[in-house]
$ cat entry_9.txt   # compact mmCIF, C-alpha atoms
# COMPACT_ATOMS: atom_id res chain seq x y z
CA MET S 1 0.00 0.00 0.00
CA GLU S 2 2.87 2.37 0.78
CA LEU S 3 4.34 1.98 -2.71
CA LEU S 4 0.90 2.45 -4.25
CA LYS S 5 0.53 5.74 -2.37
CA LYS S 6 3.85 6.89 -3.79
CA LEU S 7 2.92 5.80 -7.32
CA THR S 8 -0.38 7.71 -7.18
CA GLY S 9 0.93 10.69 -5.21
CA LYS S 10 2.04 14.18 -6.22
CA ASN S 11 5.74 14.03 -5.38
CA PRO S 12 7.99 13.24 -8.39
CA ALA S 13 10.74 12.13 -6.02
CA GLU S 14 8.39 9.33 -4.92
CA PHE S 15 6.23 8.46 -7.93
CA GLU S 16 9.09 8.25 -10.45
CA PRO S 17 11.04 5.58 -8.48
CA ALA S 18 7.74 3.77 -7.75
CA ALA S 19 6.85 3.66 -11.47
CA LYS S 20 10.38 2.49 -12.30
CA LYS S 21 10.16 -0.31 -9.73
CA LEU S 22 6.74 -1.31 -11.04
CA VAL S 23 8.06 -1.85 -14.56
CA ASP S 24 11.67 -2.89 -13.89
CA THR S 25 10.92 -5.62 -11.35
CA PRO S 26 8.17 -6.18 -12.60
CA ASP S 27 6.06 -5.70 -9.49
CA VAL S 28 3.00 -7.69 -10.52
CA ASN S 29 1.44 -7.44 -7.07
CA LEU S 30 1.67 -3.65 -7.17
CA PHE S 31 0.01 -3.57 -10.59
CA LYS S 32 -2.69 -5.97 -9.38
CA GLU S 33 -3.29 -3.70 -6.38
CA LEU S 34 -3.40 -0.65 -8.67
CA VAL S 35 -6.03 -2.26 -10.91
CA ALA S 36 -8.08 -3.29 -7.88
CA ARG S 37 -8.31 0.40 -6.95
CA ASP S 38 -9.75 1.46 -10.34
CA ASP S 39 -13.21 2.19 -8.95
CA TYR S 40 -11.90 4.21 -6.02
CA MET S 41 -9.47 6.59 -7.73
CA PHE S 42 -10.31 9.84 -9.46
CA GLY S 43 -9.87 9.82 -13.22
CA PHE S 44 -7.06 12.38 -13.23
CA ILE S 45 -5.03 10.20 -10.82
CA LYS S 46 -5.34 7.20 -13.13
CA GLN S 47 -4.33 9.35 -16.08
CA ASN S 48 -1.25 10.50 -14.16
CA VAL S 49 -0.32 6.92 -13.27
CA ALA S 50 -0.64 5.86 -16.92
CA LYS S 51 1.77 8.63 -17.94
CA ARG S 52 4.20 7.58 -15.21
CA ILE S 53 4.15 3.96 -16.36
CA PHE S 54 4.79 5.08 -19.93
CA SER S 55 7.74 7.22 -18.86
CA ALA S 56 9.22 4.28 -16.94
CA CYS S 57 9.16 1.96 -19.97
CA ASN S 58 12.16 1.56 -22.26
CA GLU S 59 13.80 -0.92 -24.61
CA ASN S 60 15.30 -2.82 -21.67
CA ASN S 61 12.18 -3.45 -19.61
CA TYR S 62 9.20 -3.41 -22.01
CA GLN S 63 8.87 -7.22 -21.97
CA ASN S 64 7.92 -7.06 -18.31
CA LEU S 65 4.57 -5.56 -19.32
CA TYR S 66 3.46 -8.96 -20.61
CA GLN S 67 3.26 -10.05 -16.97
CA PHE S 68 0.60 -7.42 -16.31
CA LEU S 69 -1.79 -8.75 -18.95
CA PRO S 70 -3.70 -11.12 -16.61
CA TYR S 71 -4.93 -8.02 -14.78
CA TYR S 72 -7.07 -5.88 -17.04
CA SER S 73 -7.72 -2.19 -16.59
CA PRO S 74 -9.25 0.11 -19.20
CA TYR S 75 -7.16 2.92 -17.73
CA TYR S 76 -3.78 1.34 -18.47
CA GLU S 77 -4.51 -0.65 -21.62
CA ASP S 78 -3.45 2.15 -23.97
CA VAL S 79 -0.03 2.57 -22.41
CA ILE S 80 0.62 -1.18 -22.19
CA VAL S 81 -0.29 -2.08 -25.76
CA SER S 82 1.34 1.03 -27.24
CA VAL S 83 4.64 0.27 -25.46
CA LEU S 84 4.55 -3.35 -26.64
CA ALA S 85 3.82 -2.26 -30.21
CA ARG S 86 6.62 0.29 -30.06
CA TYR S 87 9.41 -1.91 -28.67
CA ASP S 88 8.31 -5.42 -29.62
CA ALA S 89 6.47 -5.03 -32.91
CA SER S 90 7.72 -8.26 -34.47
CA ASN S 91 6.80 -10.49 -31.51
CA ALA S 92 3.86 -8.64 -29.97
CA HIS S 93 1.64 -9.29 -32.98
CA GLU S 94 1.99 -13.07 -32.73
CA LYS S 95 1.68 -13.08 -28.95
CA MET S 96 -1.47 -10.98 -29.06
CA LEU S 97 -3.02 -13.21 -31.74
CA LYS S 98 -2.46 -16.19 -29.49
CA LEU S 99 -3.88 -14.42 -26.42
CA LEU S 100 -6.88 -13.25 -28.40
CA SER S 101 -7.81 -16.87 -29.09
CA SER S 102 -6.75 -18.69 -25.95
CA GLY S 103 -5.87 -16.15 -23.27
CA SER S 104 -7.82 -15.26 -20.16
CA GLU S 105 -10.62 -12.72 -20.47
CA SER S 106 -8.29 -9.98 -19.24
CA GLU S 107 -5.64 -10.96 -21.78
CA LYS S 108 -8.26 -10.99 -24.54
CA CYS S 109 -9.26 -7.43 -23.59
CA TYR S 110 -5.67 -6.24 -23.96
CA ALA S 111 -5.24 -8.21 -27.19
CA ALA S 112 -8.40 -6.71 -28.70
CA LYS S 113 -7.13 -3.26 -27.73
CA TYR S 114 -3.80 -4.07 -29.38
CA PHE S 115 -5.55 -4.85 -32.66
CA ALA S 116 -7.67 -1.73 -32.35
CA GLN S 117 -4.39 0.16 -32.46
CA ASN S 118 -2.66 -2.22 -34.91
CA PRO S 119 -5.30 -3.55 -37.34
CA ASP S 120 -4.84 -7.08 -38.70
CA THR S 121 -7.30 -8.88 -40.97
CA GLY S 122 -5.97 -12.16 -39.56
CA ALA S 123 -7.53 -11.30 -36.18
CA ALA S 124 -10.96 -10.43 -37.59
CA VAL S 125 -12.49 -13.91 -37.37
CA VAL S 126 -11.68 -14.19 -33.67
CA LEU S 127 -12.62 -10.60 -32.88
CA ARG S 128 -16.10 -11.14 -34.32
CA ASN S 129 -16.71 -13.72 -31.59
CA TYR S 130 -16.44 -11.00 -28.96
CA ILE S 131 -18.43 -8.08 -30.37
CA PHE S 132 -21.45 -8.97 -28.24
CA SER S 133 -19.49 -10.21 -25.24
CA GLU S 134 -20.95 -9.61 -21.78
CA ASN S 135 -17.57 -8.10 -20.94
CA GLU S 136 -18.13 -4.54 -22.15
CA TYR S 137 -14.42 -3.79 -22.59
CA LEU S 138 -13.79 -6.90 -24.65
CA SER S 139 -16.84 -6.07 -26.74
CA LEU S 140 -15.93 -2.41 -27.34
CA ASN S 141 -12.26 -3.12 -28.05
CA SER S 142 -13.24 -5.81 -30.55
CA ILE S 143 -15.72 -3.49 -32.26
CA ASP S 144 -13.06 -0.77 -32.48
CA ALA S 145 -10.56 -3.22 -33.98
CA LEU S 146 -13.05 -4.41 -36.59
CA LYS S 147 -14.14 -0.86 -37.35
CA LYS S 148 -10.53 -0.02 -38.21
CA LEU S 149 -10.73 -2.84 -40.77
CA ASP S 150 -14.13 -1.59 -42.02
CA ASP S 151 -15.32 -5.15 -41.50
CA LYS S 152 -18.63 -5.41 -43.37
CA ASP S 153 -19.64 -8.65 -41.64
CA THR S 154 -19.47 -7.00 -38.21
CA PHE S 155 -21.58 -4.05 -39.35
CA ALA S 156 -24.16 -6.48 -40.79
CA LEU S 157 -24.31 -8.36 -37.48
CA GLY S 158 -25.01 -5.08 -35.68
CA LEU S 159 -27.78 -4.16 -38.12
CA ALA S 160 -29.40 -7.58 -37.68
CA LYS S 161 -29.54 -7.07 -33.90
CA LEU S 162 -31.55 -3.87 -34.37
CA ASP S 163 -34.48 -5.90 -35.69
CA SER S 164 -34.47 -8.41 -32.83
CA GLY S 165 -37.59 -8.66 -30.71
CA ASP S 166 -35.56 -8.66 -27.51
CA ASP S 167 -34.74 -5.24 -26.00
CA TYR S 168 -31.32 -6.29 -24.74
CA GLU S 169 -30.40 -7.89 -28.05
CA VAL S 170 -31.42 -4.67 -29.77
CA TYR S 171 -29.35 -2.68 -27.28
CA SER S 172 -26.25 -4.74 -28.09
CA GLY S 173 -26.78 -3.83 -31.74
CA VAL S 174 -27.29 -0.17 -30.81
CA LYS S 175 -23.95 -0.10 -28.97
CA LEU S 176 -22.17 -1.58 -31.98
CA ILE S 177 -23.77 0.80 -34.49
CA ALA S 178 -23.10 3.80 -32.25
CA ARG S 179 -19.46 2.80 -31.94
CA TRP S 180 -19.27 2.30 -35.71
CA GLY S 181 -20.26 5.91 -36.29
CA ASP S 182 -22.60 5.61 -39.29
CA ARG S 183 -24.79 8.68 -38.86
CA ARG S 184 -27.21 7.50 -41.53
CA LEU S 185 -28.71 5.38 -38.75
CA VAL S 186 -29.43 8.21 -36.30
CA ALA S 187 -33.16 8.27 -37.15
CA LYS S 188 -33.34 4.49 -36.73
CA MET S 189 -31.70 4.77 -33.31
CA TYR S 190 -34.24 7.34 -32.16
CA GLU S 191 -37.06 5.03 -33.31
CA ILE S 192 -35.53 2.24 -31.23
CA MET S 193 -35.24 4.53 -28.20
CA GLN S 194 -38.92 5.41 -28.32
CA LYS S 195 -39.94 1.73 -28.34
CA SER S 196 -37.34 0.47 -25.87
CA SER S 197 -37.92 -0.49 -22.23
CA ILE S 198 -34.43 0.93 -21.51
CA PRO S 199 -34.62 4.24 -23.45
CA GLU S 200 -32.11 6.05 -21.21
CA TYR S 201 -29.35 3.60 -22.14
CA VAL S 202 -30.19 3.79 -25.84
CA ALA S 203 -30.17 7.59 -25.53
CA LEU S 204 -26.62 7.57 -24.15
CA GLU S 205 -25.47 5.50 -27.14
CA ILE S 206 -27.16 7.89 -29.57
CA ASN S 207 -24.97 10.67 -28.20
CA THR S 208 -21.94 8.60 -29.27
CA LEU S 209 -23.31 8.53 -32.81
CA GLU S 210 -24.53 12.14 -32.95
CA PRO S 211 -23.70 14.38 -29.96
CA PHE S 212 -26.81 15.97 -28.48
CA ILE S 213 -25.26 19.42 -28.74
CA GLU S 214 -25.58 18.89 -32.51
CA GLY S 215 -28.82 16.92 -32.35
CA ILE S 216 -30.82 19.61 -30.55
CA GLN S 217 -30.02 22.01 -33.39
CA GLY S 218 -30.51 19.57 -36.29
CA GLU S 219 -33.27 17.70 -38.06
CA HIS S 220 -33.77 15.35 -35.10
CA SER S 221 -34.14 18.14 -32.54
CA GLU S 222 -37.38 16.87 -30.99
CA GLN S 223 -36.01 13.34 -30.64
CA ALA S 224 -32.79 14.70 -29.13
CA LEU S 225 -34.83 16.60 -26.55
CA LEU S 226 -36.75 13.41 -25.73
CA ALA S 227 -33.47 11.55 -25.35
CA LEU S 228 -32.27 14.15 -22.85
CA CYS S 229 -35.55 13.77 -20.95
CA HIS S 230 -34.94 10.03 -20.68
CA ILE S 231 -31.38 10.59 -19.47
CA PHE S 232 -32.28 13.16 -16.82
CA SER S 233 -35.19 11.00 -15.67
CA GLY S 234 -33.02 7.90 -15.41
CA LEU S 235 -29.92 9.52 -13.99
CA SER S 236 -30.49 9.25 -10.26
CA GLU S 237 -31.27 5.53 -10.26
CA LEU S 238 -29.91 3.97 -13.43
CA ILE S 239 -27.10 6.02 -14.94
CA SER S 240 -23.91 7.21 -13.31
CA LEU S 241 -23.29 10.94 -12.99
CA ASP S 242 -19.89 10.46 -14.63
CA SER S 243 -21.57 9.12 -17.78
CA VAL S 244 -23.76 12.17 -18.17
CA PHE S 245 -20.87 14.62 -18.02
CA GLU S 246 -19.52 13.09 -21.21
CA LEU S 247 -22.53 14.71 -22.91
CA ASN S 248 -21.34 18.32 -22.38
CA VAL S 249 -24.40 18.90 -20.21
CA ALA S 250 -23.55 22.50 -19.28
CA GLU S 251 -23.17 23.53 -22.93
CA ILE S 252 -26.42 21.79 -23.89
CA LEU S 253 -28.42 23.41 -21.09
CA GLU S 254 -26.93 26.81 -21.86
CA LYS S 255 -28.08 26.44 -25.46
CA LEU S 256 -31.56 25.23 -24.44
CA SER S 257 -31.96 28.09 -21.98
CA GLU S 258 -31.98 30.44 -24.98
CA SER S 259 -34.67 28.43 -26.78
CA LYS S 260 -38.38 29.21 -26.88
CA ASP S 261 -39.23 25.61 -27.75
CA SER S 262 -41.68 24.10 -25.24
CA GLY S 263 -39.88 20.76 -25.47
CA ALA S 264 -36.69 22.50 -24.35
CA SER S 265 -38.59 23.78 -21.31
CA VAL S 266 -39.45 20.21 -20.33
CA VAL S 267 -35.79 19.18 -20.57
CA LEU S 268 -34.70 22.20 -18.53
CA ALA S 269 -37.34 21.58 -15.86
CA LEU S 270 -36.27 17.94 -15.47
CA ALA S 271 -32.62 18.99 -15.33
CA LYS S 272 -33.38 21.71 -12.77
CA GLN S 273 -35.26 19.26 -10.57
CA LEU S 274 -32.42 16.75 -10.76
CA PHE S 275 -29.40 19.03 -10.35
CA THR S 276 -30.99 21.01 -7.54
CA GLU S 277 -31.29 17.73 -5.65
CA ILE S 278 -27.69 16.80 -6.52
CA ALA S 279 -26.30 20.19 -5.53
CA ASP S 280 -28.18 20.11 -2.23
CA ASN S 281 -27.04 16.62 -1.20
CA ASP S 282 -23.40 15.95 -0.45
CA GLU S 283 -23.76 12.18 -0.89
CA TYR S 284 -24.16 12.66 -4.65
CA LEU S 285 -20.93 14.63 -4.85
CA PHE S 286 -18.81 12.88 -2.25
CA ASP S 287 -16.78 10.61 -4.56
CA LEU S 288 -16.67 12.89 -7.61
CA ASP S 289 -13.51 14.65 -8.73
CA LYS S 290 -13.12 18.43 -8.60
CA ASN S 291 -13.86 18.93 -12.31
CA THR S 292 -17.17 17.10 -12.03
CA LYS S 293 -18.12 19.03 -8.89
CA ASP S 294 -17.31 22.27 -10.69
CA GLU S 295 -19.51 21.26 -13.61
CA VAL S 296 -22.40 20.45 -11.27
CA ALA S 297 -22.04 23.94 -9.82
CA GLN S 298 -21.95 25.45 -13.34
CA ILE S 299 -25.07 23.53 -14.38
CA HIS S 300 -26.87 24.53 -11.19
CA SER S 301 -26.00 28.17 -11.88
CA ILE S 302 -27.29 28.01 -15.47
CA LEU S 303 -30.58 26.45 -14.38
CA SER S 304 -31.01 28.81 -11.44
CA HIS S 305 -31.03 31.81 -13.78
CA ILE S 306 -33.88 30.52 -15.95
CA PRO S 307 -37.18 32.19 -14.95
CA ALA S 308 -39.65 29.73 -13.43
CA THR S 309 -42.41 31.29 -15.54
CA GLN S 310 -40.51 30.35 -18.72
CA LEU S 311 -40.36 26.70 -17.68
CA GLU S 312 -43.96 26.59 -16.44
CA SER S 313 -45.25 28.06 -19.69
CA GLY S 314 -43.39 25.51 -21.80
CA ILE S 315 -44.51 22.60 -19.64
CA LEU S 316 -48.17 23.62 -19.91
CA GLU S 317 -47.84 23.85 -23.70
CA GLU S 318 -46.91 20.16 -23.70
CA ALA S 319 -49.64 19.10 -21.23
CA TYR S 320 -51.82 17.29 -23.78
CA GLU S 321 -51.95 13.56 -24.40
CA GLU S 322 -50.57 13.62 -27.94
CA SER S 323 -47.43 15.47 -26.86
CA PRO S 324 -44.27 13.39 -27.28
CA PHE S 325 -43.20 14.75 -23.87
CA ILE S 326 -46.45 13.96 -22.04
CA PHE S 327 -45.09 11.26 -19.70
CA PHE S 328 -42.33 13.60 -18.52
CA VAL S 329 -44.72 16.54 -18.28
CA ILE S 330 -47.10 14.67 -15.99
CA ASP S 331 -44.31 14.15 -13.48
CA LEU S 332 -43.64 17.90 -13.52
CA LEU S 333 -47.25 19.03 -13.05
CA ASN S 334 -48.41 19.90 -9.54
CA ASP S 335 -51.70 21.54 -10.41
CA TYR S 336 -55.10 19.80 -10.42
CA GLN S 337 -56.40 22.01 -13.22
CA ALA S 338 -53.55 20.91 -15.53
CA LEU S 339 -53.76 17.20 -14.65
CA ALA S 340 -57.52 16.64 -14.46
CA PRO S 341 -58.24 16.95 -18.22
CA LEU S 342 -55.72 14.17 -18.89
CA VAL S 343 -57.88 11.57 -17.11
CA GLU S 344 -60.55 11.87 -19.79
CA GLY S 345 -58.45 11.37 -22.90
CA GLN S 346 -58.06 8.48 -25.33
CA ASN S 347 -54.60 7.25 -24.28
CA GLN S 348 -55.25 4.88 -21.39
CA THR S 349 -51.62 4.83 -20.28
CA VAL S 350 -51.66 8.63 -20.04
CA ILE S 351 -54.91 8.45 -18.05
CA LEU S 352 -53.36 6.04 -15.56
CA LYS S 353 -50.19 8.09 -15.19
CA ALA S 354 -52.21 11.27 -14.62
CA MET S 355 -54.28 9.48 -11.98
CA GLU S 356 -51.11 8.21 -10.29
CA ARG S 357 -49.66 11.72 -10.23
CA LEU S 358 -52.88 13.13 -8.74
CA LYS S 359 -52.82 10.37 -6.14
CA LYS S 360 -49.21 11.18 -5.23
CA LEU S 361 -50.14 14.85 -4.82
CA GLY S 362 -53.18 13.98 -2.70
CA LEU S 363 -55.50 15.41 -5.36
CA LEU S 364 -57.26 12.28 -6.69
CA ASP S 365 -60.82 12.65 -5.45
CA PHE S 366 -63.66 10.13 -5.94
CA ASP S 367 -65.21 11.95 -8.90
CA THR S 368 -61.90 12.38 -10.79
CA LYS S 369 -61.03 8.73 -10.26
CA ASN S 370 -64.38 7.56 -11.63
CA ARG S 371 -64.07 9.86 -14.65
CA GLY S 372 -60.71 8.27 -15.38
CA LEU S 373 -62.00 4.72 -14.92
CA ALA S 374 -64.85 5.43 -17.34
CA HIS S 375 -62.26 5.84 -20.11
CA ILE S 376 -60.19 2.73 -19.29
CA THR S 377 -61.09 -0.55 -21.02
CA ASN S 378 -57.70 -2.31 -20.86
CA GLU S 379 -58.03 -4.86 -18.04
CA ASN S 380 -54.42 -4.58 -16.82
CA ILE S 381 -54.48 -0.78 -16.74
CA ARG S 382 -57.91 -0.75 -15.12
CA PHE S 383 -56.74 -3.11 -12.36
CA VAL S 384 -53.92 -0.72 -11.44
CA ALA S 385 -56.20 2.33 -11.64
CA GLU S 386 -58.89 0.79 -9.44
CA VAL S 387 -56.53 0.26 -6.51
CA LEU S 388 -55.30 3.85 -6.50
$ encode --input "entry_9.txt" --output "C-alpha cells"
Amino acid sequence: MELLKKLTGKNPAEFEPAAKKLVDTPDVNLFKELVARDDYMFGFIKQNVAKRIFSACNENNYQNLYQFLPYYSPYYEDVIVSVLARYDASNAHEKMLKLLSSGSESEKCYAAKYFAQNPDTGAAVVLRNYIFSENEYLSLNSIDALKKLDDKDTFALGLAKLDSGDDYEVYSGVKLIARWGDRRLVAKMYEIMQKSSIPEYVALEINTLEPFIEGIQGEHSEQALLALCHIFSGLSELISLDSVFELNVAEILEKLSESKDSGASVVLALAKQLFTEIADNDEYLFDLDKNTKDEVAQIHSILSHIPATQLESGILEEAYEESPFIFFVIDLLNDYQALAPLVEGQNQTVILKAMERLKKLGLLDFDTKNRGLAHITNENIRFVAEVL
C-alpha cells in the first residue's frame, strides 16, 4: 500500500522511483493492487499513473509488461499495448493473436485493444466472436478493432440485432452501431429509443453517434430533446453521474436556456429538478472529482437563472396527451387544473399516469377517479387504476 501511495501521489521524487520499480521488477502485485483500486481513484489520478508507467518503460524493460496482462484495466490498456507495439512489434503481434484466441478474459481485452491500435485482418475472425461479449471492454475493443478494418460482416451483425424482438439484443446492436459511427442510422436509433424499455441507455449511445449538442439544433431536434428527458429522468437511479458529463451537459443546457421551444422547457425543468437535488445533497458529490463538482455547480447556476415562468409556460404547452413529452410533463405538473383533463383522454396509459400523479399529490378525489375509470377498457391498466 505504501508503494501504491507513492505511485499515485504528487511528489515526483516518490512516484518516479515507484513507477520504475513497477516496470523494472516487474512488481505484478503492485500492478494488481493498482487495478483493484480502479473504482476508487479519481480519473485524473489514473491518467497521471498511466503517464508515469509510460515514462518508466524503455527498450530494456518493455517485456515485463506482458506479466501485467492477466490483470485488465481500461485505464492502463493504452499505455501497455502502445509500449509493446513500439518496442516489440515483431513479436507482440503473434503473442497478441495467441492471447486473443486462448488467453484469459483480461488478456483478450488487452489483445483486442492491441488490434484496435494495430489492425490485422488475420484477427478479424476471432474478434467477431467478442463483439457482443458480456464483458463490455472486450466487446468495445473488438468493435473498435473491426471498425478499423471496415469489416462489413461486423456491421451487418449489428444491423441484424436492431431488428431483434428482444430489448437487450437490440441494445447490443445499438452499442455496436453507435461505436461504428454511421450517422445514416441516427433516425433508426431514435425510433428504437422510443420503443425500448431501456430508453435512457439507448439515448446515451445515440450521443456517441450524434452528440446531443448537434442533435438539438438539427433535423432530429425533438427526438434529441426526448433523449435528454430520458437521461435526466433515469440519472439518479440507473445512470452514473460520470456518464452524463460526457454529454457536455452544461453547454447543452446553456443552449436550451436560450430556446423558446416548449420541449426544451421540459428538458430544462427535469434537469433543474435533478441538479438542484444533486447540488443540495453531499452524498451525490462525495466521490466525484473536482472537475465534475465544478460542472455540477456550473449547471446549477445556469438552471437557477432561468425564470420559473418560462419553464412553467413551456410545460403547460406540452400538457396534452398527444405530446411526445407527455409522460415527462405529468411528473412535472403539480396543479389539479392541468392534470384533471388528462384523465378523460383516449390514451389509457396517459390516463393512468395522470391518476397516479394526482394520487401522489393527494388530489385524486372520488369523482376524478371515476371519470378516469370510465375511459379505461384495458383490463391490466384498469386493475392498477382501481386500486389507487
$ residues_near_point --input "entry_9.txt" --point "(-32.5, -5.6, -24.5)" --cutoff "12 Å" --atoms "all atoms listed in the file" --output "number ranges by chain"
S: 161-175, 192-193, 195-199, 201-202
$ write_last_selection --input "entry_9.txt" --atoms "C-alpha atoms" --output "compact mmCIF listing (two decimals), keeping the file's coordinate frame"
# COMPACT_ATOMS: atom_id res chain seq x y z
CA LYS S 161 -29.54 -7.07 -33.90
CA LEU S 162 -31.55 -3.87 -34.37
CA ASP S 163 -34.48 -5.90 -35.69
CA SER S 164 -34.47 -8.41 -32.83
CA GLY S 165 -37.59 -8.66 -30.71
CA ASP S 166 -35.56 -8.66 -27.51
CA ASP S 167 -34.74 -5.24 -26.00
CA TYR S 168 -31.32 -6.29 -24.74
CA GLU S 169 -30.40 -7.89 -28.05
CA VAL S 170 -31.42 -4.67 -29.77
CA TYR S 171 -29.35 -2.68 -27.28
CA SER S 172 -26.25 -4.74 -28.09
CA GLY S 173 -26.78 -3.83 -31.74
CA VAL S 174 -27.29 -0.17 -30.81
CA LYS S 175 -23.95 -0.10 -28.97
CA ILE S 192 -35.53 2.24 -31.23
CA MET S 193 -35.24 4.53 -28.20
CA LYS S 195 -39.94 1.73 -28.34
CA SER S 196 -37.34 0.47 -25.87
CA SER S 197 -37.92 -0.49 -22.23
CA ILE S 198 -34.43 0.93 -21.51
CA PRO S 199 -34.62 4.24 -23.45
CA TYR S 201 -29.35 3.60 -22.14
CA VAL S 202 -30.19 3.79 -25.84
$ closest_residue --input "entry_9.txt" --among "S:Asp88, S:Gly263, S:His93, S:Gly103" --to "Tyr71 in chain S" --atoms "all atoms listed in the file"
S:Gly103
$ atom_distance --input "entry_9.txt" --atom1 "CA of Leu84 in chain S" --atom2 "CA of Val125 in chain S"
22.7 Å
$ residues_around --input "entry_9.txt" --residues "Phe328 in chain S" --least-positions-apart "6" --cutoff "9 Å" --atoms "all atoms listed in the file" --output "list of chain:residue names"
S:Cys229, S:His230, S:Ser233, S:Val266, S:Val267, S:Leu270
$ write_last_selection --input "entry_9.txt" --atoms "C-alpha atoms" --output "PDB file, in the coordinates of the input"
ATOM      1  CA  CYS S 229     -35.550  13.770 -20.950  1.00  0.00           C
ATOM      2  CA  HIS S 230     -34.940  10.030 -20.680  1.00  0.00           C
ATOM      3  CA  SER S 233     -35.190  11.000 -15.670  1.00  0.00           C
ATOM      4  CA  VAL S 266     -39.450  20.210 -20.330  1.00  0.00           C
ATOM      5  CA  VAL S 267     -35.790  19.180 -20.570  1.00  0.00           C
ATOM      6  CA  LEU S 270     -36.270  17.940 -15.470  1.00  0.00           C
TER       7      LEU S 270
END
$ atom_distance --input "entry_9.txt" --atom1 "CA of Lys113 in chain S" --atom2 "CA of Arg184 in chain S"
26.6 Å
$ atom_distance --input "entry_9.txt" --atom1 "CA of Ser101 in chain S" --atom2 "CA of Ala178 in chain S"
25.9 Å
$ residues_near_point --input "entry_9.txt" --point "(-21.2, -7.1, -39.3)" --cutoff "12 Å" --atoms "only C-alpha atoms" --output "mmCIF file with C-alpha atoms, in the frame of the given file"
data_model
loop_
_atom_site.group_PDB
_atom_site.id
_atom_site.type_symbol
_atom_site.label_atom_id
_atom_site.label_comp_id
_atom_site.auth_asym_id
_atom_site.auth_seq_id
_atom_site.Cartn_x
_atom_site.Cartn_y
_atom_site.Cartn_z
ATOM 1 C CA ALA S 124 -10.960 -10.430 -37.590
ATOM 2 C CA VAL S 125 -12.490 -13.910 -37.370
ATOM 3 C CA LEU S 127 -12.620 -10.600 -32.880
ATOM 4 C CA ARG S 128 -16.100 -11.140 -34.320
ATOM 5 C CA ASN S 129 -16.710 -13.720 -31.590
ATOM 6 C CA ILE S 131 -18.430 -8.080 -30.370
ATOM 7 C CA PHE S 132 -21.450 -8.970 -28.240
ATOM 8 C CA SER S 142 -13.240 -5.810 -30.550
ATOM 9 C CA ILE S 143 -15.720 -3.490 -32.260
ATOM 10 C CA LEU S 146 -13.050 -4.410 -36.590
ATOM 11 C CA LYS S 147 -14.140 -0.860 -37.350
ATOM 12 C CA LEU S 149 -10.730 -2.840 -40.770
ATOM 13 C CA ASP S 150 -14.130 -1.590 -42.020
ATOM 14 C CA ASP S 151 -15.320 -5.150 -41.500
ATOM 15 C CA LYS S 152 -18.630 -5.410 -43.370
ATOM 16 C CA ASP S 153 -19.640 -8.650 -41.640
ATOM 17 C CA THR S 154 -19.470 -7.000 -38.210
ATOM 18 C CA PHE S 155 -21.580 -4.050 -39.350
ATOM 19 C CA ALA S 156 -24.160 -6.480 -40.790
ATOM 20 C CA LEU S 157 -24.310 -8.360 -37.480
ATOM 21 C CA GLY S 158 -25.010 -5.080 -35.680
ATOM 22 C CA LEU S 159 -27.780 -4.160 -38.120
ATOM 23 C CA ALA S 160 -29.400 -7.580 -37.680
ATOM 24 C CA LYS S 161 -29.540 -7.070 -33.900
ATOM 25 C CA LEU S 162 -31.550 -3.870 -34.370
ATOM 26 C CA GLY S 173 -26.780 -3.830 -31.740
ATOM 27 C CA LEU S 176 -22.170 -1.580 -31.980
ATOM 28 C CA ILE S 177 -23.770 0.800 -34.490
ATOM 29 C CA TRP S 180 -19.270 2.300 -35.710
#
$ closest_residue --input "entry_9.txt" --among "S:Glu205, S:Ala187, S:Glu246, S:Thr25" --to "Ser221 in chain S" --atoms "all atoms listed in the file"
S:Ala187
$ closest_residue --input "entry_9.txt" --among "S:Asn248, S:Tyr190, S:Asn11, S:Phe232" --to "Glu214 in chain S" --atoms "only C-alpha atoms"
S:Asn248
$ closest_atom_pairs --input "entry_9.txt" --of "range 279-337 of chain S" --to "range 344-356 of chain S" --cutoff "9 Å" --atoms "only C-alpha atoms" --output "JSON lines"
{"residue": "S:Tyr320", "atom": "CA", "partner": "S:Gly345", "partner_atom": "CA", "distance": 8.9}
{"residue": "S:Glu321", "atom": "CA", "partner": "S:Val350", "partner_atom": "CA", "distance": 6.6}
{"residue": "S:Glu322", "atom": "CA", "partner": "S:Asn347", "partner_atom": "CA", "distance": 8.4}
{"residue": "S:Ile326", "atom": "CA", "partner": "S:Val350", "partner_atom": "CA", "distance": 7.7}
{"residue": "S:Phe327", "atom": "CA", "partner": "S:Val350", "partner_atom": "CA", "distance": 7.1}
{"residue": "S:Ile330", "atom": "CA", "partner": "S:Ala354", "partner_atom": "CA", "distance": 6.3}
{"residue": "S:Asp331", "atom": "CA", "partner": "S:Ala354", "partner_atom": "CA", "distance": 8.5}
$ axis_aligned_box --input "entry_9.txt" --around "range 49-54 of chain S" --padding-each-side "8 Å" --output "JSON"
{"center_x": 2.1, "center_y": 6.3, "center_z": -16.6, "size_x": 21.4, "size_y": 20.7, "size_z": 22.7}
$ residues_around --input "entry_9.txt" --residues "Thr208 in chain S" --least-positions-apart "2" --cutoff "9 Å" --atoms "all atoms listed in the file" --output "compact mmCIF listing (two decimals) with C-alpha atoms, in the frame of the given file"
# COMPACT_ATOMS: atom_id res chain seq x y z
CA LYS S 175 -23.95 -0.10 -28.97
CA ALA S 178 -23.10 3.80 -32.25
CA ARG S 179 -19.46 2.80 -31.94
CA GLY S 181 -20.26 5.91 -36.29
CA LEU S 204 -26.62 7.57 -24.15
CA GLU S 205 -25.47 5.50 -27.14
CA ILE S 206 -27.16 7.89 -29.57
CA GLU S 210 -24.53 12.14 -32.95
CA PRO S 211 -23.70 14.38 -29.96
CA PHE S 212 -26.81 15.97 -28.48
CA LEU S 247 -22.53 14.71 -22.91
$ decode --input "entry_9.txt" --residues "range 51-62 of chain S" --atoms "C-alpha atoms" --output "mmCIF file, in the first residue's frame"
data_model
loop_
_atom_site.group_PDB
_atom_site.id
_atom_site.type_symbol
_atom_site.label_atom_id
_atom_site.label_comp_id
_atom_site.auth_asym_id
_atom_site.auth_seq_id
_atom_site.Cartn_x
_atom_site.Cartn_y
_atom_site.Cartn_z
ATOM 1 C CA LYS S 51 1.766 8.635 -17.941
ATOM 2 C CA ARG S 52 4.199 7.579 -15.210
ATOM 3 C CA ILE S 53 4.145 3.961 -16.356
ATOM 4 C CA PHE S 54 4.793 5.077 -19.934
ATOM 5 C CA SER S 55 7.745 7.223 -18.857
ATOM 6 C CA ALA S 56 9.222 4.276 -16.939
ATOM 7 C CA CYS S 57 9.163 1.965 -19.975
ATOM 8 C CA ASN S 58 12.160 1.557 -22.258
ATOM 9 C CA GLU S 59 13.801 -0.920 -24.614
ATOM 10 C CA ASN S 60 15.299 -2.815 -21.673
ATOM 11 C CA ASN S 61 12.184 -3.452 -19.610
ATOM 12 C CA TYR S 62 9.199 -3.410 -22.012
#
